[in-house]
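A.B. asks: Here it is, the structure, as structure tokens.
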Amino acid sequence: MAEITFTLNRKKTTAPYEPGMHFLEVLRESCGITSPKDGCAPQGYCGCCTILVDGRPVLACLRKPEQMEGREVVTLEGIPEETRRLLAQAFVQEDAIQCGYCTPGILVRACSLLEQGCAQNREAVAQALSGHLCRCTGYGRILDAIQTAGEARENGGRFARSTPRHPDFFGEQFGLSRAPTFCRGTGSHGVGQGAARYRGLDLALGEKPYVADLRVDGMLHAAPVLSAHPRARVLRIDTAQALAMPGVVRVITAEDVPGTRRVGLIVQDWPIFVAAGETTRCVGDILALVVADTCFHARRAAEQVTVEYEVLEPVTDPFAALEPAAPPVQESGNLLEVSAFSRGDVDAALIASAHVLEQTFITQRVEHAFLEPEACLALPSGEGIKVYSQGQGVHDDQLQIAAVLGLELEQVEVELASSGGAFGGKEDLSIQAQTALAVQLLRRPVKTVLTREQSLRIHPKRHPITLRYTVGADAEGRLLAVRARIVGDSGAYASVGGKVLERAAGHSCGPYRVPNVDIEAKAVYTNNPPSGAMRGFGANQAAFAIEGMLDLLAEKVGIDGYDIRERNLLGPGDAFATGQIMTRSCGIRQTLEAVKEIYKNAKYAGIACGIKNTGIGNGMDDTGRIKIRVIDGGQLEILTGYTEMGQGLFTIIRQVVSEETRLAPERMQVRTVSDLAVLCGMTTASRATALSAAAGQRAARRLAADLEQHSLEELAGREYCDEFICDFTTKPGAQVPNPRTHMTFSYATQVVLLGEDGRIERVVAAHDVGHAINPLLCAGQIEGAVHMGLGYALSEEFPCTDGKPDSLLLRDLGILKARDTPAIDVILVEVPDDVGGYGSKGVGEIGLVPTAGAVAAALHAYDGIRRFRLPMDDAPAAAPSVPRTRRKTRCGI
């Protein structure tokens, strides 16, 4: 153990460190400073660990402790309070925060920009932010916030306005306006208002802890040992050298599991440990868990676990996996699930068609890149376990952990800590069960935090999908038939892969009227990294294909992208691909009309439409439950089972309760817990707001009724629970008179505009959101989704060779930086829904559903080239900071 002495936040500090540590570990583990976050250490790419060293921004994870001897170090905690509050207020006012994980590091950078006097130079700020990633916002709001802070700094700390710099979300700049009937609410806090994000100031200042920030007395740390091969028989796991390492308490393997060893949200096929004598299925398989006194010791010891393998040839091509001679990845075989349905007579319709087109589309594997790697803290609680998770479903975590530990459900309590982004990638268990097992065996608190490299190997990705389409239309371009054959690589484990392909099948015709359909989608096991839920959930892959077919058809007919879509749009009374009849809440035409002049008047533009289910549906229940507790001091504690992961759910819930009770939201705190009274299921399918708003409205009205007779203080100790359940959906292909596969849908039309150099200058996104309960947060979700959609279209990919990722570096994922992100204009269209609370629809996923199709069309308008494969990284619009040809980086597996 060595020591360094330096000045930390104006105080002379001596801190211990061990050889091999980086300075971020010293700050967090030795000094207890938690505002600098670990998003990718020691890769030095995400910017979350930005600090000031001798007045200049640097990345703490790239500095060795010995380099910091005698230096002046300032973290966000040490920035002058006036500057801290000014920046935090600006970020809250502009809603430049979503999950908040990247924000403290960006605030440190912004502080430097304020000192340099360039905070109002938007181009300079965008360039300075090249050292930072934000996966949530799309960067525009961050640029706004820093600009606003710069203005306030020059104005003596006074803000010139109390509203965002760009408050128009309803298309006023394009001659549109919001319907007066939607302008309701209690002051600035109720439904329909842009209320400030819940605990926004704390998030901005790094004062709301994530799991990795939590500490408890007597806490141990754990690190996993992962498989070196995607398919290999494990002959022996030797833990002797690891056990001899400093600080090691125990090494846990498969033989220590008292309950079930296989978990899964739908199919229980994913072992929490692969045992000696068994065969690995991917390089994210966990073989052992090392528990030690520090995180550094646990990780070093994990490197000393020796594993002997018999290496086998992996199955990596989904089409080859379906061949009879292919080795089975799972005992059940390689076909995970088939989703198929048909309506009408496709063969006859194709014969009668004036135009018949065939084309194959290929989409890529994509990494979520949420900035907070997975982490879990578990501790003894009576005879059971208390788990702090950042997953997307506390009740699913509870159920699976209890099964692994052999405990009753009520013996396992799960509570959400802050979640630093998810986008679907935190639905499956990662290391929660292994961490809880360590606690059960040792009866001491244990925390496990994955490295970025481990995170990339373990959690599921976006499905790479091949979509083969045959489309028939009449002479005017009206669709008569669609036949689609879709194959998706689900990787090693089921996750929710079957449902993703089911969703791709259901959305295969997009928001278009097609009288004859024949659809089949297959989810296939391989030895590639698992594929599961990711924002869009199969709908975006299908949208790229059907929008491409519409553009090909428009060219055949001799009309433009707008007119071909207008001719084929779904309307009330029309059948969606699955046969579900559209209702009066179908707002796709309104979104198309909102962008008509923008598209028609542009030189180089592409247009695409999108539809995305709200709710899981397909025969499964969608449930929202809320419990309101009146606690001492005239305060409310609101419990939900859904996860707040940056989308603003907690803010929305407070607005709903405030709307119905006329109580100020400052009286309310919100938590996500595994209380069975708020059993909701997974936070997925863009459903949490619509369902929670409906349930919260009911519970809050019961409280409001009691408030007519009593003061809030008199009601202390009372609870108000209610629920909203949609249990009326059917599976695709079900032989019923009026199939209804989803509780509702959201709709969008996007236009991508290119400049004379072929680069994207602007994206205009018109979205039917039903009713924007919080327009500020709603638009922010769409902006972030569009940014992700642009990366999906142009640059993002997680390629694998022989089942192994080509790279485990964050910089090789192709994520667009601030300087590469064009302006994004959001137009909120409100066609109220009959199901969602206050008429709301989902917005979290629809934002990227049409994007790739619109980009492809815009590129064709510019260079005349049709593109059918993602990413389109050969295009002039591809970001300059993203390498066009990625080198294969040695990933150390």
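How things are named: the first chain in the structure tokens is A, the next is B, and so on; residues count from 1 in each chain; ligands count from 1 in the order shown.
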Running DSSP on the backbone, which parts of range 266-465 of chain A land in strand (DSSP E), as number ranges by chain?
C.D. replies: A: 270-271, 286-292, 306-311, 335-343, 355-362, 375-381, 384-389, 412-416, 446-449, 465
A.B. asks: I'd like the contact shell of range 685-693 of chain A - 10 Å cut-off, only C-alpha atoms, skipping same-chain residues fewer than 6 positions apart - returned as a ChimeraX atom specification.
C.D. replies: /A:191,424,533-537,612-617,622-626,640-644,647-650,652-657,699,722-726,743-746,770-771,773,833,835-846
A.B. asks: Select, from A:His221, A:Ile266, A:Val305, A:Pro572, the residue with the minimum atom-to-atom distance to Thr239 in chain A, counting only C-alpha atoms.
C.D. replies: A:Val305
A.B. asks: Just want the 12 Å neighbourhood of Gly382 in chain A, counted on only C-alpha atoms, with same-chain residues fewer than 3 positions away dropped. Output as a VMD selection string.
C.D. replies: chain A and resid 379 385 to 386 410 to 413 440 443 to 444
A.B. asks: As a ChimeraX atom specification, please: every residue in range 123-351 of chain A that DSSP puts in alpha helix (DSSP H).
C.D. replies: /A:123-128,140-154,200-204,240-243,295-302,318-321,346-351
A.B. asks: Please provide as JSON, numbers by chain all residues within 9 Å of range 250-253 of chain A, with the sequence filter that same-chain residues fewer than 3 positions apart are discarded (counting only C-alpha atoms).
C.D. replies: {"A": [237, 239, 242, 243, 256, 257, 273, 274, 275, 286, 287, 288, 289, 290, 291, 292, 302, 434, 437, 438, 442]}
A.B. asks: For the atom pair CA of Ala88 in chain A and CA of Gln390 in chain A, what is the interatomic distance in Å to one decimal place?
C.D. replies: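 Result for CA of Ala88 in chain A versus CA of Gln390 in chain A: 23.7 Å, one decimal.
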A.B. asks: Quick one: residues within 7 Å of Val670 in chain A, only C-alpha atoms, excluding same-chain residues fewer than 4 positions away - as a list in words?
C.D. replies: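 Once the adjacent positions are removed, what remains is Glu637, Ile638, Leu639 and Phe650 of chain A.
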A.B. asks: Within 10 Å of Asn121 in chain A, counting only C-alpha atoms, which residues show up once you throw out same-chain ones fewer than 4 positions away? Write them as an MDAnalysis selection string, please.
C.D. replies: chainID A and resid 113 117 125:126 143 146:147 150
A.B. asks: Which residue is closest to Arg343 in chain A? Choose from A:Ala232, A:Ala481, A:Ala854, A:Leu570 and count only C-alpha atoms.
C.D. replies: A:Ala481
A.B. asks: List every residue of range 359-468 of chain A that has an atom at most 9 Å from any atom of range 258-263 of chain A, giving for each one its closest atom pair and the distance in Å to one decimal, counting only C-alpha atoms, sorted by chain and then by ascending residue number, as a Markdown table.
C.D. replies:
| residue | atom | partner | partner_atom | distance |
| --- | --- | --- | --- | --- |
| A:Gln400 | CA | A:Val263 | CA | 6.3 |
| A:Ile401 | CA | A:Val263 | CA | 8.7 |
| A:Ala402 | CA | A:Gly259 | CA | 8.3 |
| A:Ala403 | CA | A:Thr260 | CA | 5.8 |
| A:Val404 | CA | A:Gly259 | CA | 4.5 |
| A:Leu405 | CA | A:Gly259 | CA | 5.1 |
| A:Gly406 | CA | A:Gly259 | CA | 4.4 |
| A:Leu407 | CA | A:Gly259 | CA | 8.1 |
| A:Asp428 | CA | A:Val263 | CA | 8.9 |
| A:Leu429 | CA | A:Val263 | CA | 8.0 |
| A:Leu437 | CA | A:Pro258 | CA | 8.8 |
A.B. asks: For range 159-175 of chain A, work out the shell of residues within 8 Å, counting only C-alpha atoms and skipping chain neighbours fewer than 6 positions away, then give it as a PyMOL selection string.
C.D. replies: chain A and resi 93-95+144+148-149+151-152+594+775-776+779+826-829
